[in-house]
Amino acid sequence: MVYRLVAYRVAVDSQRSGRSRGAAPRRSIVETRRRLIGFLARRPADAEPVANDYLVGVGAGISARQTPELYEESGTGPFVREVLANLEREGLIRVGKKPRTGPFSTITPTEMARNLPLLQPWYRRWLRFFDPPPGTA
């Protein structure tokens, strides 16, 4: 276990110093939240639910270079699950099974998440500036 954590730490440090290709891991809550919602909401509406939070993290690019074991041991797993729990409280995703410890399973976005302005193309977001305020039309 210790050797895997040391290997992960070396990989993270080498990414930050520029010796390795790829972006440094994202740890901010705002960026993680945006990536998770973007990945889930852009999937086709008739797609199967994502099996677990590790696959959501990989699909969103948060844990691209980690194995499932490192995902848990490095603290990325609990961090992603905390962000997913907040998204569920806000009504943006549904989680089928949420144990006290361990991975979440069957994660699907809600219709509200699919309609977020944040996920629309840039030109639609700019055009919304000219829309009348809600309730005035």
# chains A, B, ... in the order shown; residues from 1 in each chain; ligands from 1
$ residues_around --residues "Gly57 in chain A" --least-positions-apart "2" --cutoff "9 Å" --atoms "only C-alpha atoms" --output "list in words"
Thr32, Arg35, Leu36, Asn52, Asp53, Tyr54, Leu55, Gly59, Ala60, Gly61, Ile62, Ser63, Ala64, Thr76, Gly77 and Val80 of chain A
$ residues_around --residues "Arg81 in chain A" --least-positions-apart "2" --cutoff "8 Å" --atoms "only C-alpha atoms" --output "list in words"
Asp53, Gly77, Pro78, Phe79, Val83, Leu84, Ala85, Pro103 and Phe104 of chain A
$ residues_around --residues "Glu111 in chain A" --least-positions-apart "5" --cutoff "12 Å" --atoms "only C-alpha atoms" --output "number ranges by chain"
A: 37, 40-45, 91-94, 116
$ write_last_selection --atoms "N, CA and C atoms" --output "CSV table (one decimal), in the first residue's frame"
chain,number,residue,atom,x,y,z
A,37,ILE,N,-20.4,17.1,-13.6
A,37,ILE,CA,-21.7,17.4,-14.2
A,37,ILE,C,-21.6,17.4,-15.7
A,40,LEU,N,-21.5,13.7,-16.9
A,40,LEU,CA,-22.8,13.0,-16.8
A,40,LEU,C,-23.9,13.6,-17.7
A,41,ALA,N,-23.9,14.9,-17.8
A,41,ALA,CA,-25.0,15.5,-18.5
A,41,ALA,C,-24.9,15.4,-20.0
A,42,ARG,N,-23.7,15.2,-20.5
A,42,ARG,CA,-23.4,15.1,-21.9
A,42,ARG,C,-23.6,13.7,-22.5
A,43,ARG,N,-23.8,12.8,-21.6
A,43,ARG,CA,-24.0,11.4,-22.0
A,43,ARG,C,-25.4,11.3,-22.6
A,44,PRO,N,-25.7,10.5,-23.6
A,44,PRO,CA,-27.0,10.4,-24.2
A,44,PRO,C,-28.1,10.1,-23.1
A,45,ALA,N,-29.3,10.6,-23.3
A,45,ALA,CA,-30.4,10.4,-22.3
A,45,ALA,C,-30.7,9.0,-22.1
A,91,GLY,N,-30.1,18.2,-6.5
A,91,GLY,CA,-31.1,17.6,-7.5
A,91,GLY,C,-30.5,17.5,-8.9
A,92,LEU,N,-29.2,17.5,-9.0
A,92,LEU,CA,-28.6,17.4,-10.4
A,92,LEU,C,-28.3,16.0,-10.8
A,93,ILE,N,-28.1,15.1,-9.9
A,93,ILE,CA,-27.9,13.7,-10.2
A,93,ILE,C,-28.7,12.8,-9.3
A,94,ARG,N,-28.8,11.5,-9.7
A,94,ARG,CA,-29.5,10.5,-8.9
A,94,ARG,C,-28.4,9.4,-8.7
A,116,LEU,N,-28.6,22.7,-17.8
A,116,LEU,CA,-27.8,23.7,-17.2
A,116,LEU,C,-27.2,24.6,-18.3
$ closest_residue --among "A:Ser74, A:Pro49, A:Pro134, A:Trp126" --to "Lys97 in chain A" --atoms "only C-alpha atoms"
A:Pro49
$ select_by_dssp --residues "range 43-133 of chain A" --states "strand (DSSP E or B)" --output "ChimeraX atom specification"
/A:50-52,93-97,105-109
$ write_last_selection --atoms "C-alpha atoms" --output "short mmCIF file (atom, residue, chain, number, x, y, z; two decimals), in the first residue's frame"
data_model
loop_
_atom_site.label_atom_id
_atom_site.label_comp_id
_atom_site.auth_asym_id
_atom_site.auth_seq_id
_atom_site.Cartn_x
_atom_site.Cartn_y
_atom_site.Cartn_z
CA VAL A 50 -22.64 4.89 -14.86
CA ALA A 51 -21.71 1.84 -12.80
CA ASN A 52 -19.71 3.58 -10.04
CA ILE A 93 -27.89 13.70 -10.22
CA ARG A 94 -29.46 10.51 -8.86
CA VAL A 95 -27.41 7.86 -7.11
CA GLY A 96 -28.90 4.39 -6.96
CA LYS A 97 -26.83 2.96 -4.12
CA SER A 105 -23.32 3.02 -7.93
CA THR A 106 -25.81 3.66 -10.75
CA ILE A 107 -25.24 7.39 -11.16
CA THR A 108 -27.51 9.25 -13.59
CA PRO A 109 -28.05 12.96 -14.30
#
$ atom_distance --atom1 "CA of Phe39 in chain A" --atom2 "CA of Val56 in chain A"
7.5 Å
